[in-house]
$ cat protein_6.cif   # mmCIF, C-alpha atoms
data_start
loop_
_atom_site.label_atom_id
_atom_site.label_comp_id
_atom_site.auth_asym_id
_atom_site.auth_seq_id
_atom_site.Cartn_x
_atom_site.Cartn_y
_atom_site.Cartn_z
CA MET A 1 4.30 -7.32 23.89
CA THR A 2 2.15 -6.59 26.93
CA LEU A 3 -0.18 -4.61 24.71
CA THR A 4 -0.42 -7.57 22.36
CA ILE A 5 -1.36 -9.92 25.20
CA ILE A 6 -3.98 -7.51 26.54
CA VAL A 7 -5.43 -6.95 23.11
CA VAL A 8 -5.55 -10.67 22.32
CA VAL A 9 -7.20 -11.46 25.65
CA VAL A 10 -9.80 -8.75 25.11
CA ALA A 11 -10.37 -9.93 21.57
CA LEU A 12 -10.94 -13.52 22.60
CA ALA A 13 -13.21 -12.44 25.44
CA VAL A 14 -15.77 -10.90 23.09
CA PRO A 15 -17.10 -14.02 21.33
CA LEU A 16 -16.87 -16.01 24.54
CA LEU A 17 -18.93 -13.43 26.33
CA LEU A 18 -21.41 -13.20 23.50
CA ILE A 19 -22.05 -16.92 23.46
CA THR A 20 -22.03 -17.65 27.18
CA LEU A 21 -24.01 -14.59 28.17
CA ARG A 22 -26.68 -15.23 25.60
CA GLY A 23 -27.13 -18.74 26.97
CA GLN A 24 -27.21 -17.56 30.54
CA ALA A 25 -29.50 -14.63 29.86
CA ALA A 26 -32.06 -16.97 28.37
CA GLY A 27 -32.22 -18.78 31.69
CA SER A 28 -34.84 -21.15 30.37
CA LYS A 29 -34.01 -23.78 32.97
CA VAL A 30 -34.63 -21.31 35.75
CA LEU A 31 -38.01 -20.42 34.27
CA GLU A 32 -39.10 -24.04 34.18
CA ASN A 33 -39.17 -24.18 37.95
CA PRO A 34 -38.28 -20.77 39.41
CA ALA A 35 -39.33 -21.62 42.96
CA GLU A 36 -36.50 -24.15 43.17
CA HIS A 37 -33.91 -21.48 42.42
CA ILE A 38 -35.19 -18.89 44.87
CA ARG A 39 -32.89 -18.36 47.87
CA SER A 40 -34.43 -17.65 51.21
CA VAL A 41 -33.99 -14.08 52.48
CA ASP A 42 -34.84 -13.05 56.02
CA VAL A 43 -35.42 -9.33 55.67
CA GLU A 44 -35.65 -8.74 59.42
CA ALA A 45 -32.35 -10.49 60.07
CA PHE A 46 -30.77 -8.41 57.34
CA CYS A 47 -32.09 -5.14 58.83
CA ASN A 48 -30.74 -6.25 62.17
CA LEU A 49 -27.29 -6.90 60.72
CA VAL A 50 -26.96 -3.40 59.26
CA ASP A 51 -28.75 -1.56 62.07
CA PRO A 52 -26.48 1.28 63.33
CA ASP A 53 -27.97 1.03 66.85
CA GLU A 54 -27.06 -2.67 67.01
CA GLU A 55 -23.59 -1.80 65.85
CA GLU A 56 -23.28 0.89 68.52
CA PHE A 57 -24.50 -1.52 71.19
CA LEU A 58 -21.91 -4.12 70.18
CA ARG A 59 -19.18 -1.49 70.08
CA LEU A 60 -19.95 -0.43 73.66
CA HIS A 61 -20.22 -3.95 75.07
CA LEU A 62 -17.39 -5.79 73.33
CA ARG A 63 -13.63 -5.47 73.37
CA PRO A 64 -12.39 -3.58 70.24
CA ALA A 65 -10.77 -6.70 68.74
CA ASP A 66 -13.91 -8.81 69.29
CA PHE A 67 -16.13 -6.03 67.95
CA ARG A 68 -14.09 -5.76 64.75
CA ARG A 69 -14.21 -9.53 64.23
CA ILE A 70 -17.95 -9.76 64.86
CA GLN A 71 -18.69 -6.69 62.77
CA ARG A 72 -16.79 -8.23 59.87
CA GLU A 73 -18.87 -11.39 60.21
CA ARG A 74 -22.08 -9.36 60.37
CA LEU A 75 -21.19 -7.38 57.27
CA ARG A 76 -20.22 -10.56 55.42
CA ALA A 77 -23.61 -12.06 56.32
CA ALA A 78 -25.37 -8.84 55.24
CA ALA A 79 -23.54 -8.95 51.90
CA GLU A 80 -24.70 -12.55 51.50
CA TYR A 81 -28.31 -11.47 52.15
CA VAL A 82 -28.07 -8.67 49.57
CA SER A 83 -26.55 -11.10 47.11
CA CYS A 84 -29.43 -13.57 47.65
CA ALA A 85 -32.00 -10.78 47.25
CA ALA A 86 -30.32 -9.71 43.98
CA HIS A 87 -30.30 -13.33 42.80
CA ASN A 88 -34.04 -13.63 43.52
CA ALA A 89 -34.63 -10.32 41.75
CA ALA A 90 -32.91 -11.75 38.65
CA ILE A 91 -35.26 -14.75 38.63
CA LEU A 92 -38.31 -12.54 39.09
CA LEU A 93 -37.10 -10.28 36.29
CA ARG A 94 -37.04 -13.22 33.90
CA LEU A 95 -40.45 -14.31 35.09
CA ALA A 96 -42.05 -10.87 34.89
CA ASP A 97 -40.45 -9.85 31.60
CA ALA A 98 -42.76 -12.21 29.75
CA GLY A 99 -45.79 -10.93 31.65
CA ARG A 100 -45.26 -7.40 30.34
CA HIS A 101 -46.66 -8.59 27.01
CA SER A 102 -49.78 -10.08 28.56
CA SER A 103 -53.08 -9.27 26.90
CA ASP A 104 -54.57 -8.67 30.36
CA PRO A 105 -53.80 -5.03 31.27
CA ALA A 106 -53.74 -5.75 35.02
CA THR A 107 -51.20 -8.55 34.56
CA ALA A 108 -49.09 -6.44 32.21
CA GLU A 109 -49.10 -3.54 34.68
CA ALA A 110 -48.22 -5.75 37.66
CA ALA A 111 -45.46 -7.44 35.64
CA GLN A 112 -44.05 -4.05 34.61
CA LYS A 113 -43.99 -2.95 38.26
CA LEU A 114 -42.25 -6.18 39.23
CA VAL A 115 -39.64 -5.65 36.50
CA ASP A 116 -39.02 -2.08 37.76
CA ASN A 117 -38.76 -3.20 41.40
CA ALA A 118 -36.42 -6.05 40.55
CA LEU A 119 -34.21 -3.77 38.42
CA ARG A 120 -34.11 -1.21 41.25
CA LEU A 121 -33.10 -3.90 43.72
CA ARG A 122 -30.30 -5.20 41.50
CA LEU A 123 -29.15 -1.64 40.92
CA TYR A 124 -29.04 -1.04 44.65
CA ALA A 125 -27.24 -4.35 45.26
CA LEU A 126 -24.58 -3.16 42.83
CA HIS A 127 -23.87 -0.23 45.18
CA ALA A 128 -24.52 -2.00 48.47
CA ILE A 129 -22.31 -5.10 48.14
CA PRO A 130 -19.04 -3.21 47.52
CA ARG A 131 -19.91 -0.83 50.37
CA LEU A 132 -20.50 -3.73 52.74
CA TYR A 133 -17.13 -5.23 51.83
CA LEU A 134 -15.56 -1.79 52.15
CA GLY A 135 -17.10 -1.59 55.63
CA MET A 136 -15.12 -4.70 56.62
CA ILE A 137 -11.89 -2.86 55.81
CA LEU A 138 -12.94 0.65 56.75
CA PRO A 139 -15.40 0.62 59.67
CA GLY A 140 -18.02 3.35 59.46
CA SER A 141 -19.09 2.76 55.86
CA ARG A 142 -22.82 2.19 56.14
CA ILE A 143 -25.66 1.30 53.80
CA SER A 144 -29.31 2.14 54.14
CA PRO A 145 -31.11 -1.12 55.01
CA ASP A 146 -34.51 0.41 54.18
CA ARG A 147 -33.90 0.48 50.45
CA ILE A 148 -33.10 -3.23 50.27
CA ALA A 149 -35.83 -4.22 52.72
CA ASP A 150 -38.51 -2.03 51.11
CA GLY A 151 -37.46 -3.06 47.64
CA TYR A 152 -37.64 -6.72 48.57
CA GLU A 153 -41.05 -6.30 50.21
CA GLN A 154 -42.44 -4.46 47.20
CA MET A 155 -41.08 -7.12 44.89
CA THR A 156 -42.68 -9.88 46.95
CA ARG A 157 -45.98 -8.01 46.94
CA MET A 158 -45.93 -7.80 43.16
CA VAL A 159 -45.22 -11.54 42.87
CA VAL A 160 -48.20 -12.24 45.14
CA MET A 161 -50.37 -9.95 43.03
CA LEU A 162 -49.23 -11.64 39.81
CA GLY A 163 -49.96 -15.03 41.36
CA CYS A 164 -53.44 -13.84 42.23
CA LEU A 165 -53.92 -12.61 38.66
CA ARG A 166 -53.36 -16.23 37.64
CA TYR A 167 -50.00 -15.41 36.07
CA PRO A 168 -47.81 -18.52 36.25
CA THR A 169 -45.51 -17.53 39.12
CA ARG A 170 -45.25 -21.26 39.89
CA GLY A 171 -44.99 -21.12 43.66
CA VAL A 172 -42.39 -18.36 43.70
CA SER A 173 -44.22 -16.19 46.23
CA ALA A 174 -44.14 -19.03 48.76
CA ALA A 175 -40.40 -19.46 48.26
CA LEU A 176 -39.53 -15.77 48.73
CA MET B 1 -6.39 -14.85 -12.86
CA THR B 2 -5.13 -17.01 -10.00
CA VAL B 3 -7.38 -18.85 -7.56
CA SER B 4 -6.31 -16.60 -4.70
CA LEU B 5 -7.20 -13.50 -6.74
CA ILE B 6 -10.63 -14.94 -7.56
CA LEU B 7 -11.15 -15.75 -3.88
CA TRP B 8 -9.97 -12.27 -2.96
CA TYR B 9 -12.50 -10.63 -5.30
CA TYR B 10 -15.21 -13.03 -4.13
CA LEU B 11 -14.61 -12.14 -0.47
CA TRP B 12 -14.60 -8.46 -1.38
CA VAL B 13 -17.76 -8.41 -3.49
CA ALA B 14 -19.97 -11.31 -2.27
CA PRO B 15 -20.66 -9.91 1.23
CA LYS B 16 -21.77 -6.64 -0.35
CA VAL B 17 -24.17 -8.47 -2.65
CA LEU B 18 -25.54 -10.23 0.42
CA GLN B 19 -25.79 -6.86 2.15
CA VAL B 20 -27.98 -5.55 -0.68
CA ILE B 21 -30.31 -8.49 0.05
CA LEU B 22 -30.05 -7.65 3.75
CA LEU B 23 -31.04 -4.03 3.05
CA GLY B 24 -34.06 -5.18 1.05
CA GLY B 25 -35.10 -7.55 3.82
CA MET B 26 -34.75 -4.82 6.44
CA VAL B 27 -36.92 -2.42 4.45
CA ARG B 28 -39.54 -5.11 3.82
CA ARG B 29 -39.80 -5.93 7.55
CA GLY B 30 -39.56 -2.31 8.68
CA LEU B 31 -36.32 -2.99 10.55
CA HIS B 32 -34.63 0.04 9.00
CA ARG B 33 -36.76 2.18 11.31
CA GLN B 34 -35.75 0.17 14.38
CA PHE B 35 -32.04 0.00 13.55
CA PRO B 36 -31.35 3.11 11.41
CA MET B 37 -27.62 3.21 12.20
CA PHE B 38 -27.12 -0.42 11.22
CA PHE B 39 -29.15 0.19 8.06
CA LEU B 40 -27.00 3.21 7.21
CA TYR B 41 -23.80 1.26 7.95
CA THR B 42 -24.89 -1.62 5.70
CA GLY B 43 -25.88 0.76 2.91
CA LEU B 44 -22.63 2.69 3.12
CA GLN B 45 -20.58 -0.52 3.08
CA VAL B 46 -22.17 -1.37 -0.27
CA VAL B 47 -21.58 2.14 -1.66
CA GLN B 48 -18.00 2.25 -0.36
CA THR B 49 -17.15 -1.04 -2.01
CA GLY B 50 -18.63 0.21 -5.26
CA VAL B 51 -16.49 3.34 -5.10
CA LEU B 52 -13.30 1.46 -4.16
CA LEU B 53 -13.90 -1.13 -6.84
CA ALA B 54 -14.39 1.62 -9.41
CA ILE B 55 -11.15 3.35 -8.34
CA SER B 56 -9.21 0.09 -8.51
CA TRP B 57 -10.39 -0.44 -12.09
CA THR B 58 -9.29 3.03 -13.25
CA HIS B 59 -5.69 3.95 -14.03
CA PHE B 60 -5.18 4.73 -10.31
CA GLY B 61 -5.30 0.99 -9.52
CA PHE B 62 -4.47 0.21 -5.89
CA GLY B 63 -2.13 3.19 -5.54
CA GLY B 64 -2.19 6.30 -3.39
CA GLU B 65 -5.61 7.50 -4.53
CA TYR B 66 -7.13 4.15 -3.69
CA PHE B 67 -5.58 4.12 -0.22
CA ARG B 68 -6.76 7.66 0.52
CA ALA B 69 -10.30 6.65 -0.41
CA TYR B 70 -9.91 3.44 1.60
CA SER B 71 -8.77 5.41 4.69
CA ALA B 72 -11.73 7.76 4.40
CA THR B 73 -14.20 4.88 4.11
CA ARG B 74 -12.62 3.09 7.09
CA ALA B 75 -13.07 6.23 9.19
CA VAL B 76 -16.73 6.52 8.20
CA SER B 77 -17.32 2.81 8.90
CA ALA B 78 -15.68 3.05 12.33
CA ALA B 79 -17.83 6.06 13.23
CA LEU B 80 -20.97 4.25 12.12
CA ARG B 81 -20.06 1.17 14.15
CA PHE B 82 -19.95 3.39 17.25
CA GLY B 83 -23.38 4.58 16.24
CA ILE B 84 -24.60 0.97 16.06
CA ILE B 85 -23.25 0.20 19.56
CA HIS B 86 -25.06 3.29 20.85
CA GLU B 87 -28.17 2.08 19.06
CA LEU B 88 -27.92 -1.29 20.83
CA PHE B 89 -27.64 0.43 24.22
CA SER B 90 -30.64 2.61 23.29
CA HIS B 91 -32.55 -0.56 22.41
CA PHE B 92 -32.32 -1.54 26.09
CA PHE B 93 -33.03 1.98 27.33
CA ARG B 94 -36.28 2.03 25.36
CA ARG B 95 -37.41 -1.28 26.82
CA TYR B 96 -36.16 -0.59 30.35
CA PRO B 97 -36.41 3.19 30.91
CA LEU B 98 -35.39 2.75 34.55
CA LEU B 99 -31.86 1.92 33.40
CA ILE B 100 -31.28 5.04 31.30
CA GLY B 101 -29.17 6.80 33.96
CA THR B 102 -27.10 3.76 34.88
CA GLY B 103 -26.70 2.67 31.28
CA ARG B 104 -25.46 6.09 30.20
CA SER B 105 -22.98 6.14 33.09
CA VAL B 106 -21.70 2.69 32.09
CA LEU B 107 -21.38 3.79 28.46
CA ARG B 108 -19.57 7.02 29.39
CA GLY B 109 -17.26 5.36 31.92
CA ALA B 110 -16.37 2.49 29.63
CA THR B 111 -15.69 4.85 26.71
CA ILE B 112 -13.34 7.05 28.75
CA ALA B 113 -11.46 4.08 30.25
CA LEU B 114 -11.15 2.29 26.91
CA LEU B 115 -10.11 5.46 25.12
CA LEU B 116 -7.27 5.94 27.62
CA VAL B 117 -6.15 2.32 27.17
CA ALA B 118 -6.42 2.46 23.38
CA VAL B 119 -4.63 5.80 23.03
CA GLY B 120 -1.93 4.66 25.50
CA GLY B 121 -1.46 1.47 23.49
CA ALA B 122 -1.33 3.38 20.23
CA ALA B 123 1.28 5.81 21.58
CA PHE B 124 3.67 3.00 22.50
CA ALA B 125 3.03 0.81 19.45
CA PRO B 126 5.71 0.75 16.75
CA GLY B 127 4.94 2.14 13.27
CA ASN B 128 5.57 -0.54 10.68
CA SER B 129 5.46 1.64 7.62
CA SER B 130 7.25 4.74 6.45
CA ASN B 131 3.98 5.94 4.91
CA PHE B 132 2.34 8.42 7.28
CA LEU B 133 -1.20 7.77 5.99
CA PHE B 134 -0.74 3.99 6.41
CA ASN B 135 0.42 4.43 10.00
CA VAL B 136 -2.34 6.88 10.94
CA THR B 137 -5.07 4.75 9.33
CA TYR B 138 -3.96 1.51 10.98
CA THR B 139 -3.39 3.17 14.36
CA LEU B 140 -6.81 4.83 14.38
CA ASP B 141 -8.32 1.56 13.23
CA ARG B 142 -6.79 -0.25 16.20
CA VAL B 143 -7.97 2.44 18.63
CA ALA B 144 -11.50 2.20 17.24
CA THR B 145 -11.50 -1.62 17.37
CA ILE B 146 -10.29 -1.70 21.00
CA LEU B 147 -13.02 0.79 21.91
CA GLN B 148 -15.68 -1.18 20.05
CA SER B 149 -14.67 -4.52 21.58
CA GLY B 150 -14.69 -3.01 25.06
CA LEU B 151 -18.04 -1.32 24.56
CA LEU B 152 -19.57 -4.56 23.28
CA ILE B 153 -18.24 -6.40 26.34
CA SER B 154 -19.73 -3.65 28.55
CA LEU B 155 -23.04 -4.00 26.72
CA PHE B 156 -23.15 -7.76 27.31
CA VAL B 157 -22.07 -7.50 30.96
CA PHE B 158 -24.69 -4.77 31.48
CA SER B 159 -27.44 -6.87 29.92
CA ARG B 160 -26.28 -9.94 31.83
CA TYR B 161 -26.25 -8.21 35.21
CA PHE B 162 -29.72 -6.76 34.77
CA VAL B 163 -31.01 -9.96 33.12
CA LEU B 164 -32.26 -7.97 30.14
CA SER B 165 -33.80 -9.96 27.34
CA TRP B 166 -32.37 -9.42 23.86
CA ARG B 167 -34.46 -9.23 20.75
CA ASN B 168 -33.22 -11.58 18.05
CA GLN B 169 -32.25 -8.82 15.66
CA ALA B 170 -30.36 -6.75 18.22
CA PHE B 171 -28.49 -9.83 19.40
CA GLY B 172 -27.56 -10.78 15.83
CA ILE B 173 -26.20 -7.30 15.14
CA ALA B 174 -24.15 -7.35 18.36
CA LEU B 175 -22.87 -10.87 17.67
CA GLY B 176 -21.71 -9.97 14.17
CA LEU B 177 -20.00 -6.79 15.34
CA GLY B 178 -18.43 -8.61 18.28
CA ILE B 179 -16.96 -11.35 16.11
CA LEU B 180 -15.68 -8.81 13.61
CA ALA B 181 -14.04 -6.67 16.29
CA SER B 182 -12.55 -9.68 18.06
CA VAL B 183 -10.90 -10.95 14.88
CA GLU B 184 -9.80 -7.52 13.67
CA LEU B 185 -8.08 -6.71 16.93
CA PRO B 186 -5.57 -9.59 17.20
CA MET B 187 -5.04 -9.60 13.46
CA SER B 188 -4.16 -5.90 13.35
CA VAL B 189 -1.74 -6.36 16.24
CA ALA B 190 -0.24 -9.43 14.53
CA ARG B 191 0.25 -7.37 11.39
CA LEU B 192 1.76 -4.53 13.40
CA TYR B 193 4.42 -6.87 14.81
CA GLY B 194 5.00 -8.53 11.44
CA LEU B 195 3.51 -11.90 12.48
CA VAL B 196 1.18 -12.00 9.48
CA SER B 197 1.48 -10.49 6.01
CA SER B 198 -0.99 -7.93 4.66
CA THR B 199 -2.36 -10.59 2.27
CA VAL B 200 -3.17 -13.02 5.09
CA PHE B 201 -4.64 -10.12 7.07
CA ASP B 202 -6.93 -9.15 4.18
CA PHE B 203 -8.12 -12.73 3.63
CA VAL B 204 -8.88 -13.34 7.31
CA ILE B 205 -10.71 -10.01 7.76
CA MET B 206 -12.70 -10.36 4.55
CA GLY B 207 -13.59 -13.97 5.38
CA THR B 208 -14.73 -12.95 8.85
CA TYR B 209 -16.77 -10.09 7.43
CA HIS B 210 -18.45 -12.54 5.06
CA CYS B 211 -19.41 -14.77 8.03
CA CYS B 212 -20.70 -11.73 9.94
CA VAL B 213 -22.93 -10.69 7.04
CA LEU B 214 -24.38 -14.22 7.00
CA ILE B 215 -24.98 -13.97 10.77
CA TRP B 216 -26.76 -10.64 10.29
CA ILE B 217 -28.94 -12.07 7.53
CA PHE B 218 -29.78 -15.10 9.66
CA TYR B 219 -30.78 -13.11 12.74
CA LEU B 220 -32.60 -10.34 10.88
CA ALA B 221 -34.62 -12.96 9.00
CA LEU B 222 -35.70 -14.67 12.21
CA PRO B 223 -39.20 -13.89 13.45
CA GLU B 224 -39.34 -11.78 16.59
CA ARG B 225 -39.15 -13.97 19.66
CA ARG B 226 -41.95 -13.02 22.04
CA PRO B 227 -41.50 -14.25 25.57
CA ARG B 228 -44.33 -16.68 26.01
CA GLN B 229 -45.95 -17.69 29.22
CA THR B 230 -48.75 -20.19 29.23
CA LEU B 231 -51.30 -19.22 31.81
CA ASN B 232 -52.22 -21.78 34.35
CA PRO B 233 -55.77 -23.03 34.27
CA PRO B 234 -57.90 -20.97 36.66
CA PRO B 235 -57.53 -22.27 40.20
CA GLU B 236 -60.56 -24.12 41.43
CA HIS B 237 -60.59 -22.34 44.77
CA ASN B 238 -59.62 -18.78 44.04
CA LEU B 239 -60.54 -17.62 47.53
CA ASP B 240 -58.14 -20.12 49.04
CA VAL B 241 -55.29 -18.70 46.98
CA TRP B 242 -56.14 -15.14 47.99
CA ASN B 243 -56.39 -16.09 51.64
CA ARG B 244 -53.12 -17.97 51.63
CA GLU B 245 -51.27 -15.09 50.00
CA LEU B 246 -52.86 -12.52 52.31
CA GLU B 247 -51.91 -14.56 55.35
CA ARG B 248 -48.37 -14.71 54.10
CA LEU B 249 -48.34 -10.94 53.67
CA LEU B 250 -49.75 -10.35 57.12
CA GLN B 251 -47.11 -12.58 58.66
CA ARG B 252 -44.31 -10.39 57.25
#
$ encode --input "protein_6.cif" --output "structure tokens"
Amino acid sequence: MTLTIIVVVVALAVPLLLITLRGQAAGSKVLENPAEHIRSVDVEAFCNLVDPDEEEFLRLHLRPADFRRIQRERLRAAAEYVSCAAHNAAILLRLADAGRHSSDPATAEAAQKLVDNALRLRLYALHAIPRLYLGMILPGSRISPDRIADGYEQMTRMVVMLGCLRYPTRGVSAAL
Amino acid sequence: MTVSLILWYYLWVAPKVLQVILLGGMVRRGLHRQFPMFFLYTGLQVVQTGVLLAISWTHFGFGGEYFRAYSATRAVSAALRFGIIHELFSHFFRRYPLLIGTGRSVLRGATIALLLVAVGGAAFAPGNSSNFLFNVTYTLDRVATILQSGLLISLFVFSRYFVLSWRNQAFGIALGLGILASVELPMSVARLYGLVSSTVFDFVIMGTYHCCVLIWIFYLALPERRPRQTLNPPPEHNLDVWNRELERLLQR
């Protein structure tokens, strides 16, 4: 009977997924005013949160119980930053995807680069977020902050460039 | 001829007639080159029905010969449906080459996990017929449907996470296959446990298939949706924009 339940649940999940995901993937509402949906990301604060030297400093100057509590908080905040960066990347992906078909080669190239950067960032977020949560349980699990920070900077640069190429980024670069 | 028999023949033959139209439409729009597996699947469905119909009209009727041919055609169809799912993944890989590695890992991982679940489920499922061929055919069918449903879910989750845009045709193909797999799966389990008769099973599956063919025709007939962006009118003070953006960059 368990098999039946599993199978039925899986079977019902397919059309539901198909319909809901199609609607969400379109994301037309987000594209109407993308700047409103952008979440603020402080890259420097993020780098600080996952800096091993900072962690070492806190370890040396705090009691073990306090250090563990604060480190958990820091990692939770870092995960939140990565999540916001991935969310912004998703919006930029939608925005840039259309630009890849632009008749202007410079716009098409910049949009393609933005798509690649945003995909890279989401890919990295997929690895980084579980590792940050794992770090809360098992101290010592680290992520490389450079990849997120550099990825985010590159993405922002491409949005600025697209804005300058008169591509309708609709105030997104200012919100990033 | 009873009404249910007429309906039964209608549901058997009508989708295949529609699929002939679908094949013609695909060739006319050049879609057979973009979705060769789906084209092959559609073509073979038409041929298979022709063969099965011919067998059923001979002295063999719906006996052993018919069921052997039916089992063989089911196996070919299942294999081709896997090909279509692979084709849909490839559709994304072509448009987003950066995701080839990740996408292949997702596809491989999902296939292995689903295969284990499906084979495990099949091993513990009861056989509801003394006929070995019946049992093997239905069991393999269930394994294939579980795999296909799972792979389609993986495909949609993958495209959702990476915010990948679907082309109309690819989405229509996936939608049709998804609906078909999601109806086939509970129905085959219901039949396995004796909750529905084979007649009800046939009607539901054939009716669903008919709907799926209509979905495929609808989506494949749609014009390709190009993401459109209207360009803003040129800013009056271009230098101001450049300066503002450069200042923002320098502040970072």
$ closest_residue --input "protein_6.cif" --among "A:Glu54, A:Glu80, A:Glu44, A:Glu36" --to "chain B" --atoms "all atoms listed in the file"
A:Glu44
$ atom_distance --input "protein_6.cif" --atom1 "atom CA of B:Gly50" --atom2 "atom CA of B:Val189"
28.1 Å
$ atom_distance --input "protein_6.cif" --atom1 "atom CA of B:His86" --atom2 "atom CA of B:Leu107"
8.5 Å
$ resolve_selection --input "protein_6.cif" --expression "the PyMOL selection byres ((chain A and resi 71-77) around 12)" --output "PDB file with C-alpha atoms, in the coordinates of the input"
ATOM      1  CA  VAL A  41     -33.990 -14.080  52.480  1.00  0.00           C
ATOM      2  CA  ASP A  42     -34.840 -13.050  56.020  1.00  0.00           C
ATOM      3  CA  ALA A  45     -32.350 -10.490  60.070  1.00  0.00           C
ATOM      4  CA  PHE A  46     -30.770  -8.410  57.340  1.00  0.00           C
ATOM      5  CA  CYS A  47     -32.090  -5.140  58.830  1.00  0.00           C
ATOM      6  CA  ASN A  48     -30.740  -6.250  62.170  1.00  0.00           C
ATOM      7  CA  LEU A  49     -27.290  -6.900  60.720  1.00  0.00           C
ATOM      8  CA  VAL A  50     -26.960  -3.400  59.260  1.00  0.00           C
ATOM      9  CA  ASP A  51     -28.750  -1.560  62.070  1.00  0.00           C
ATOM     10  CA  PRO A  52     -26.480   1.280  63.330  1.00  0.00           C
ATOM     11  CA  GLU A  54     -27.060  -2.670  67.010  1.00  0.00           C
ATOM     12  CA  GLU A  55     -23.590  -1.800  65.850  1.00  0.00           C
ATOM     13  CA  GLU A  56     -23.280   0.890  68.520  1.00  0.00           C
ATOM     14  CA  PHE A  57     -24.500  -1.520  71.190  1.00  0.00           C
ATOM     15  CA  LEU A  58     -21.910  -4.120  70.180  1.00  0.00           C
ATOM     16  CA  ARG A  59     -19.180  -1.490  70.080  1.00  0.00           C
ATOM     17  CA  LEU A  62     -17.390  -5.790  73.330  1.00  0.00           C
ATOM     18  CA  ARG A  63     -13.630  -5.470  73.370  1.00  0.00           C
ATOM     19  CA  PRO A  64     -12.390  -3.580  70.240  1.00  0.00           C
ATOM     20  CA  ALA A  65     -10.770  -6.700  68.740  1.00  0.00           C
ATOM     21  CA  ASP A  66     -13.910  -8.810  69.290  1.00  0.00           C
ATOM     22  CA  PHE A  67     -16.130  -6.030  67.950  1.00  0.00           C
ATOM     23  CA  ARG A  68     -14.090  -5.760  64.750  1.00  0.00           C
ATOM     24  CA  ARG A  69     -14.210  -9.530  64.230  1.00  0.00           C
ATOM     25  CA  ILE A  70     -17.950  -9.760  64.860  1.00  0.00           C
ATOM     26  CA  ALA A  78     -25.370  -8.840  55.240  1.00  0.00           C
ATOM     27  CA  ALA A  79     -23.540  -8.950  51.900  1.00  0.00           C
ATOM     28  CA  GLU A  80     -24.700 -12.550  51.500  1.00  0.00           C
ATOM     29  CA  TYR A  81     -28.310 -11.470  52.150  1.00  0.00           C
ATOM     30  CA  VAL A  82     -28.070  -8.670  49.570  1.00  0.00           C
ATOM     31  CA  SER A  83     -26.550 -11.100  47.110  1.00  0.00           C
ATOM     32  CA  CYS A  84     -29.430 -13.570  47.650  1.00  0.00           C
ATOM     33  CA  ALA A 128     -24.520  -2.000  48.470  1.00  0.00           C
ATOM     34  CA  ILE A 129     -22.310  -5.100  48.140  1.00  0.00           C
ATOM     35  CA  PRO A 130     -19.040  -3.210  47.520  1.00  0.00           C
ATOM     36  CA  ARG A 131     -19.910  -0.830  50.370  1.00  0.00           C
ATOM     37  CA  LEU A 132     -20.500  -3.730  52.740  1.00  0.00           C
ATOM     38  CA  TYR A 133     -17.130  -5.230  51.830  1.00  0.00           C
ATOM     39  CA  LEU A 134     -15.560  -1.790  52.150  1.00  0.00           C
ATOM     40  CA  GLY A 135     -17.100  -1.590  55.630  1.00  0.00           C
ATOM     41  CA  MET A 136     -15.120  -4.700  56.620  1.00  0.00           C
ATOM     42  CA  ILE A 137     -11.890  -2.860  55.810  1.00  0.00           C
ATOM     43  CA  LEU A 138     -12.940   0.650  56.750  1.00  0.00           C
ATOM     44  CA  PRO A 139     -15.400   0.620  59.670  1.00  0.00           C
ATOM     45  CA  GLY A 140     -18.020   3.350  59.460  1.00  0.00           C
ATOM     46  CA  SER A 141     -19.090   2.760  55.860  1.00  0.00           C
ATOM     47  CA  ARG A 142     -22.820   2.190  56.140  1.00  0.00           C
ATOM     48  CA  ILE A 143     -25.660   1.300  53.800  1.00  0.00           C
ATOM     49  CA  PRO A 145     -31.110  -1.120  55.010  1.00  0.00           C
TER      50      PRO A 145
END
$ residues_around --input "protein_6.cif" --residues "stretch 130-134 of chain B" --least-positions-apart "5" --cutoff "10 Å" --atoms "all atoms listed in the file" --output "count of residues only"
5
